[in-house]
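Novice: Contents of work.tsv (TSV, C-alpha atoms) are given next:
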```tsv
chain	number	residue	atom	x	y	z
V	1	MET	CA	123.22	101.57	105.04
V	2	GLU	CA	122.20	103.45	101.90
V	3	ILE	CA	118.46	103.70	101.26
V	4	ARG	CA	117.55	104.27	97.62
V	5	ILE	CA	114.34	106.25	97.13
V	6	LEU	CA	112.10	106.74	94.10
V	7	ILE	CA	109.37	109.41	94.24
V	8	ALA	CA	106.39	109.10	91.88
V	9	ASP	CA	103.86	111.90	92.26
V	10	ALA	CA	101.31	113.70	90.09
V	11	GLU	CA	102.87	117.04	91.07
V	12	ARG	CA	106.36	117.45	89.65
V	13	MET	CA	107.23	120.36	91.95
V	14	PHE	CA	106.27	118.33	95.03
V	15	ALA	CA	108.34	115.35	93.88
V	16	GLU	CA	111.40	117.46	93.12
V	17	ALA	CA	111.17	119.49	96.34
V	18	LEU	CA	110.83	116.33	98.43
V	19	ALA	CA	113.73	114.73	96.57
V	20	ALA	CA	115.97	117.72	97.31
V	21	ARG	CA	115.14	117.54	101.01
V	22	LEU	CA	115.64	113.78	101.28
V	23	GLU	CA	119.01	114.03	99.54
V	24	ASP	CA	120.24	116.04	102.52
V	25	GLU	CA	120.22	112.82	104.56
V	26	ALA	CA	123.53	110.95	104.62
V	27	ASP	CA	121.90	107.52	104.35
V	28	ILE	CA	119.46	108.35	101.51
V	29	THR	CA	119.97	108.49	97.75
V	30	VAL	CA	117.09	109.56	95.50
V	31	VAL	CA	117.24	107.49	92.31
V	32	GLY	CA	114.38	109.38	90.68
V	33	ALA	CA	111.64	111.98	91.15
V	34	VAL	CA	109.02	111.60	88.44
V	35	GLN	CA	105.66	113.09	87.60
V	36	VAL	CA	103.25	110.24	87.04
V	37	ARG	CA	99.58	109.48	86.69
V	38	THR	CA	99.90	105.95	85.34
V	39	PRO	CA	102.72	103.38	85.34
V	40	GLY	CA	105.30	103.77	82.57
V	41	SER	CA	108.95	103.40	81.68
V	42	TRP	CA	109.94	104.85	85.05
V	43	LEU	CA	109.11	101.45	86.55
V	44	VAL	CA	112.55	100.34	85.36
V	45	ALA	CA	114.04	102.70	87.97
V	46	ALA	CA	111.67	101.29	90.59
V	47	LYS	CA	113.52	97.97	90.53
V	48	SER	CA	116.64	99.66	91.91
V	49	ALA	CA	114.81	101.44	94.73
V	50	ASP	CA	114.52	100.24	98.30
V	51	VAL	CA	111.53	102.51	99.00
V	52	ILE	CA	109.06	103.97	96.49
V	53	LEU	CA	106.97	106.97	97.52
V	54	VAL	CA	103.76	106.76	95.49
V	55	ASP	CA	101.07	109.43	95.13
V	56	GLY	CA	97.97	108.16	96.95
V	57	ASP	CA	95.83	111.04	95.67
V	58	LEU	CA	95.44	109.94	92.06
V	59	PRO	CA	91.76	110.03	91.00
V	60	GLY	CA	89.42	107.05	91.13
V	61	VAL	CA	91.17	103.70	91.38
V	62	ALA	CA	94.32	104.98	89.64
V	63	ALA	CA	96.30	105.11	92.89
V	64	ASP	CA	95.48	101.50	93.76
V	65	ARG	CA	96.29	100.28	90.26
V	66	LEU	CA	99.56	102.18	90.30
V	67	CYS	CA	100.45	100.69	93.66
V	68	ALA	CA	99.57	97.17	92.50
V	69	GLU	CA	101.70	97.49	89.37
V	70	VAL	CA	104.66	98.91	91.26
V	71	CYS	CA	104.48	96.08	93.80
V	72	ALA	CA	104.25	93.48	91.05
V	73	ASP	CA	107.15	94.95	89.06
V	74	ALA	CA	109.48	95.86	91.93
V	75	ARG	CA	108.84	93.15	94.48
V	76	SER	CA	111.85	93.86	96.68
V	77	SER	CA	110.86	97.52	97.11
V	78	ARG	CA	108.73	98.91	99.94
V	79	VAL	CA	105.88	101.15	98.79
V	80	VAL	CA	104.82	104.14	100.89
V	81	ALA	CA	101.66	106.01	99.85
V	82	LEU	CA	101.68	109.80	100.31
V	83	SER	CA	98.32	111.57	100.53
V	84	THR	CA	96.54	114.71	101.67
V	85	SER	CA	93.92	112.58	103.44
V	86	SER	CA	93.78	109.81	106.02
V	87	GLU	CA	90.47	108.14	105.16
V	88	PRO	CA	90.48	104.57	106.52
V	89	GLU	CA	88.93	103.15	103.34
V	90	ARG	CA	91.67	104.62	101.15
V	91	ILE	CA	94.42	103.52	103.50
V	92	ALA	CA	93.05	99.97	103.67
V	93	SER	CA	92.80	99.86	99.89
V	94	ALA	CA	96.43	100.96	99.50
V	95	ILE	CA	97.62	98.36	102.00
V	96	ARG	CA	95.58	95.72	100.20
V	97	THR	CA	97.30	96.50	96.90
V	98	GLY	CA	100.79	96.31	98.38
V	99	ALA	CA	101.70	99.52	100.23
V	100	VAL	CA	103.36	99.08	103.62
V	101	ALA	CA	102.79	102.62	104.90
V	102	TRP	CA	100.51	105.63	104.51
V	103	VAL	CA	101.80	109.12	105.27
V	104	ARG	CA	99.95	112.41	105.01
V	105	LYS	CA	101.71	114.99	102.88
V	106	ASP	CA	101.37	117.58	105.63
V	107	GLN	CA	103.44	115.46	108.02
V	108	SER	CA	106.96	116.67	108.73
V	109	VAL	CA	109.89	115.40	106.70
V	110	GLU	CA	111.34	114.09	109.94
V	111	TYR	CA	108.27	111.87	110.39
V	112	LEU	CA	108.52	110.67	106.78
V	113	LEU	CA	112.17	109.79	107.36
V	114	GLN	CA	111.13	107.72	110.38
V	115	VAL	CA	108.66	105.87	108.19
V	116	ILE	CA	111.18	105.31	105.40
V	117	ARG	CA	113.77	103.89	107.76
V	118	GLY	CA	111.08	101.85	109.50
V	119	VAL	CA	109.73	100.17	106.38
V	120	VAL	CA	113.27	99.25	105.33
V	121	ARG	CA	113.45	97.34	108.63
V	122	GLY	CA	110.23	95.55	107.70
V	123	GLU	CA	107.79	97.71	109.64
V	124	THR	CA	104.29	98.83	108.61
V	125	TRP	CA	103.26	102.43	109.36
V	126	LEU	CA	99.69	103.71	109.54
V	127	PRO	CA	98.27	107.02	110.84
V	128	PRO	CA	97.94	106.38	114.61
V	129	SER	CA	94.47	107.97	114.77
V	130	GLU	CA	93.14	105.60	112.10
V	131	THR	CA	94.99	102.38	112.88
V	132	SER	CA	92.06	100.61	114.58
V	133	ASN	CA	89.62	101.61	111.81
V	134	VAL	CA	92.03	100.47	109.10
V	135	MET	CA	92.68	97.14	110.81
V	136	ARG	CA	88.94	96.55	111.18
V	137	LEU	CA	88.45	97.18	107.45
V	138	LEU	CA	91.38	94.96	106.50
V	139	LEU	CA	90.06	92.08	108.60
V	140	HIS	CA	86.64	92.44	107.00
V	141	GLU	CA	88.22	92.55	103.53
V	142	GLN	CA	90.30	89.48	104.34
V	143	GLU	CA	87.18	87.50	105.19
V	144	GLN	CA	85.59	88.64	101.93
V	145	ARG	CA	88.70	87.72	99.92
V	146	GLN	CA	88.78	84.26	101.45
V	147	ARG	CA	85.19	83.68	100.36
V	148	LEU	CA	85.91	84.99	96.84
V	149	LEU	CA	89.08	82.92	96.42
V	150	ALA	CA	87.19	79.84	97.64
V	151	SER	CA	84.80	80.29	94.70
V	152	LEU	CA	87.58	79.68	92.14
V	153	THR	CA	87.83	76.32	90.40
V	154	PRO	CA	91.05	74.27	90.79
V	155	ARG	CA	92.14	75.30	87.27
V	156	GLU	CA	91.46	78.97	87.96
V	157	ARG	CA	93.50	78.68	91.16
V	158	ALA	CA	96.36	77.16	89.20
V	159	VAL	CA	96.31	80.03	86.68
V	160	LEU	CA	96.30	82.64	89.44
V	161	THR	CA	99.07	80.84	91.33
V	162	CYS	CA	101.28	80.86	88.22
V	163	LEU	CA	100.82	84.61	87.90
V	164	ALA	CA	101.51	85.18	91.58
V	165	GLU	CA	104.69	83.11	91.39
V	166	GLY	CA	106.13	85.22	88.59
V	167	ALA	CA	104.67	84.15	85.24
V	168	GLY	CA	104.79	87.40	83.29
V	169	HIS	CA	102.22	86.81	80.56
V	170	ARG	CA	99.49	84.49	79.33
V	171	GLU	CA	101.82	82.57	77.02
V	172	GLU	CA	104.06	81.64	79.94
V	173	VAL	CA	101.09	80.52	82.05
V	174	ALA	CA	99.76	78.49	79.12
V	175	LYS	CA	103.12	76.77	78.72
V	176	GLN	CA	103.38	75.91	82.42
V	177	LEU	CA	99.85	74.50	82.58
V	178	HIS	CA	99.94	72.87	79.12
V	179	LEU	CA	96.88	74.84	77.98
V	180	SER	CA	96.13	77.12	75.05
V	181	VAL	CA	96.49	80.90	75.35
V	182	ASN	CA	92.78	81.28	74.59
V	183	THR	CA	91.93	78.95	77.47
V	184	ILE	CA	94.13	80.99	79.81
V	185	ARG	CA	92.43	84.18	78.59
V	186	THR	CA	89.01	82.67	79.40
V	187	HIS	CA	90.18	81.57	82.86
V	188	LEU	CA	91.52	85.07	83.58
V	189	GLN	CA	88.22	86.63	82.55
V	190	ASN	CA	86.36	84.26	84.87
V	191	ILE	CA	88.81	84.93	87.71
V	192	MET	CA	88.44	88.71	87.43
V	193	ALA	CA	84.65	88.42	87.29
V	194	LYS	CA	84.51	86.21	90.39
V	195	LEU	CA	86.94	88.35	92.38
V	196	GLY	CA	85.36	91.63	91.27
V	197	VAL	CA	88.63	93.12	89.99
V	198	HIS	CA	89.51	94.89	86.74
V	199	SER	CA	92.92	93.42	85.97
V	200	ALA	CA	95.08	90.36	86.49
V	201	LEU	CA	97.41	92.52	88.60
V	202	GLU	CA	94.61	93.22	91.07
V	203	ALA	CA	93.78	89.52	91.20
V	204	VAL	CA	97.42	88.70	91.93
V	205	ALA	CA	97.46	91.34	94.67
V	206	LEU	CA	94.55	89.55	96.34
V	207	ILE	CA	96.17	86.14	96.34
V	208	ARG	CA	99.51	87.49	97.59
V	209	GLU	CA	97.82	88.82	100.68
V	210	GLN	CA	96.48	85.44	101.66
V	211	ARG	CA	98.63	83.35	103.97
V	212	GLY	CA	99.57	79.96	102.72
V	213	PRO	CA	98.87	78.41	99.32
V	214	LEU	CA	95.52	78.54	97.60
```
Just give me the structure of the file as structure tokens.
Specialist:
Amino acid sequence: MEIRILIADAERMFAEALAARLEDEADITVVGAVQVRTPGSWLVAAKSADVILVDGDLPGVAADRLCAEVCADARSSRVVALSTSSEPERIASAIRTGAVAWVRKDQSVEYLLQVIRGVVRGETWLPPSETSNVMRLLLHEQEQRQRLLASLTPRERAVLTCLAEGAGHREEVAKQLHLSVNTIRTHLQNIMAKLGVHSALEAVALIREQRGPL
């Protein structure tokens, strides 16, 4: 089985060196190795990748936003965050926005290959030393998310559900719900304020993590 890999990292040399090493594997094809700080046209290539290795060390919330956009745009891909750290808070945040694994950059390539092949099989990989801490944080965040989502009005839930089910822009949501674009814009502003997020993508990431319908 061929595994198609896309590497998106802030350091071009790191991305290219890792790509060269991964290409040595008979079952892996690297479809791209790009230098990136924010999402861009390279997301087109992400749709053809089975696994996307994303830089988890981008400053501020850039890594989480990048992960959320990748997951929204390339839904069939598995996202693995690569980082120089293993802080539970950062790992939990990456998992919350769609990543299925977190790997330190100082881990061996052999370990990374295990992770890549594992996530293709549907597995989730976390640093063993931090697994319990990460799970504790994720459970706490899940409880908080449930409370926040419960605060949405039925109409706000409908707007968010449309986005989560694939509506690509406000005009499409407005058409589905028979509302004006301005009304949808107002609902989105209210949703983001209630959920404490900065974009519709982050709001969609929250709802997709919840089991069952809103």
Novice: How many Å lie between CA of Ala203 (chain V) and CA of Leu126 (chain V), rounded to one decimal?
Specialist: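 Result for CA of Ala203 (chain V) versus CA of Leu126 (chain V): 23.9 Å, one decimal.
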Novice: I'd like to know which of V:Arg96, V:His169, V:Arg155, V:His198 is closest to Val181 (chain V), using only C-alpha atoms.
Specialist: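 Closest residue, counting only C-alpha atoms: V:His169.
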Novice: So that I can see what lies close to Val134 (chain V), please list as a VMD selection string the residues with an atom at most 7 Å from it, counting only C-alpha atoms and leaving out residues fewer than 3 positions away in the same chain.
Specialist: chain V and resid 88 91 to 92 130 to 131 137 to 138
Novice: Once you have the residues from the selection above, write them out as an mmCIF file, in the frame of the given file, restricted to C-alpha atoms.
Specialist:
```cif
data_model
loop_
_atom_site.group_PDB
_atom_site.id
_atom_site.type_symbol
_atom_site.label_atom_id
_atom_site.label_comp_id
_atom_site.auth_asym_id
_atom_site.auth_seq_id
_atom_site.Cartn_x
_atom_site.Cartn_y
_atom_site.Cartn_z
ATOM 1 C CA PRO V 88 90.480 104.570 106.520
ATOM 2 C CA ILE V 91 94.420 103.520 103.500
ATOM 3 C CA ALA V 92 93.050 99.970 103.670
ATOM 4 C CA GLU V 130 93.140 105.600 112.100
ATOM 5 C CA THR V 131 94.990 102.380 112.880
ATOM 6 C CA LEU V 137 88.450 97.180 107.450
ATOM 7 C CA LEU V 138 91.380 94.960 106.500
#
```
Novice: Would you please work out which residue, of V:Ile116, V:Val103, V:Ala19, V:Leu195, is nearest to Arg145 (chain V) when using only C-alpha atoms?
Specialist: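 Counting only C-alpha atoms, the residue closest to Arg145 (chain V) is V:Leu195.
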Novice: Name the residues within 12 Å of (117.8, 115.3, 98.7), counting all atoms listed in the file in the file's coordinates, and put them as a ChimeraX atom specification.
Specialist: /V:3-7,15-33,109,113
Novice: Taking C-alpha atoms for each residue, export the selection above as a PDB file, keeping the file's coordinate frame.
Specialist:
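New file selection_32.pdb:
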```
ATOM      1  CA  ILE V   3     118.460 103.700 101.260  1.00  0.00           C
ATOM      2  CA  ARG V   4     117.550 104.270  97.620  1.00  0.00           C
ATOM      3  CA  ILE V   5     114.340 106.250  97.130  1.00  0.00           C
ATOM      4  CA  LEU V   6     112.100 106.740  94.100  1.00  0.00           C
ATOM      5  CA  ILE V   7     109.370 109.410  94.240  1.00  0.00           C
ATOM      6  CA  ALA V  15     108.340 115.350  93.880  1.00  0.00           C
ATOM      7  CA  GLU V  16     111.400 117.460  93.120  1.00  0.00           C
ATOM      8  CA  ALA V  17     111.170 119.490  96.340  1.00  0.00           C
ATOM      9  CA  LEU V  18     110.830 116.330  98.430  1.00  0.00           C
ATOM     10  CA  ALA V  19     113.730 114.730  96.570  1.00  0.00           C
ATOM     11  CA  ALA V  20     115.970 117.720  97.310  1.00  0.00           C
ATOM     12  CA  ARG V  21     115.140 117.540 101.010  1.00  0.00           C
ATOM     13  CA  LEU V  22     115.640 113.780 101.280  1.00  0.00           C
ATOM     14  CA  GLU V  23     119.010 114.030  99.540  1.00  0.00           C
ATOM     15  CA  ASP V  24     120.240 116.040 102.520  1.00  0.00           C
ATOM     16  CA  GLU V  25     120.220 112.820 104.560  1.00  0.00           C
ATOM     17  CA  ALA V  26     123.530 110.950 104.620  1.00  0.00           C
ATOM     18  CA  ASP V  27     121.900 107.520 104.350  1.00  0.00           C
ATOM     19  CA  ILE V  28     119.460 108.350 101.510  1.00  0.00           C
ATOM     20  CA  THR V  29     119.970 108.490  97.750  1.00  0.00           C
ATOM     21  CA  VAL V  30     117.090 109.560  95.500  1.00  0.00           C
ATOM     22  CA  VAL V  31     117.240 107.490  92.310  1.00  0.00           C
ATOM     23  CA  GLY V  32     114.380 109.380  90.680  1.00  0.00           C
ATOM     24  CA  ALA V  33     111.640 111.980  91.150  1.00  0.00           C
ATOM     25  CA  VAL V 109     109.890 115.400 106.700  1.00  0.00           C
ATOM     26  CA  LEU V 113     112.170 109.790 107.360  1.00  0.00           C
TER      27      LEU V 113
END
```
Novice: Would you please work out which residue, of V:Ala68, V:Val120, V:Leu177, V:Val79, is nearest to Val100 (chain V) when using only C-alpha atoms?
Specialist: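 Using only C-alpha atoms, Val100 (chain V) sits closest to V:Val79.
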Novice: What gap, in Å, lies between CA of Pro59 (chain V) and CA of Gln142 (chain V)?
Specialist: 24.5 Å
Novice: In terms of the shortest atom-to-atom distance over all atoms listed in the file, which of V:Ser199, V:Gln107, V:Thr183, V:Asn190 is closest to Glu171 (chain V)?
Specialist: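 Among the listed residues, the smallest separation from Glu171 (chain V) belongs to V:Thr183.
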Novice: Take the point (93.9, 81.9, 94.6) in the file's coordinates, draw a sphere of radius 7 Å around it, and report as a list of chain:residue names every protein, DNA or RNA residue with an atom inside or on it, counting all atoms listed in the file.
Specialist: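 Output of the proximity query reads V:Leu149, V:Arg157, V:Leu160, V:Thr161, V:Ile207, V:Leu214.
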Novice: Using only C-alpha atoms, which protein or nucleic acid residues come within 9 Å of Leu148 (chain V)? Drop anything in the same chain fewer than 3 positions from it, and give the result as a PyMOL selection string.
Specialist: chain V and resi 143-145+151-152+194-196
Novice: Mind giving me the straight-line distance from CA of Val34 (chain V) to CA of Trp102 (chain V) in Å, one decimal?
Specialist: 19.1 Å
Novice: Point out the residue among V:Val159, V:Asp55, V:Val204, V:Ala193 with the least atom-to-atom distance to Leu179 (chain V), counting all atoms listed in the file.
Specialist: V:Val159
Novice: Between V:Val51, V:Val173, V:Ala164, V:Leu112, which has the minimum distance to Glu2 (chain V) (counting only C-alpha atoms)?
Specialist: V:Val51
Novice: Axis-aligned box over every listed atom of region 17-29 of chain V, padded by 8 Å per side: centre and edges in Å to one decimal, as lines of an AutoDock Vina configuration file?
Specialist:
```
center_x = 117.2
center_y = 113.5
center_z = 100.5
size_x = 28.7
size_y = 28.0
size_z = 24.3
```
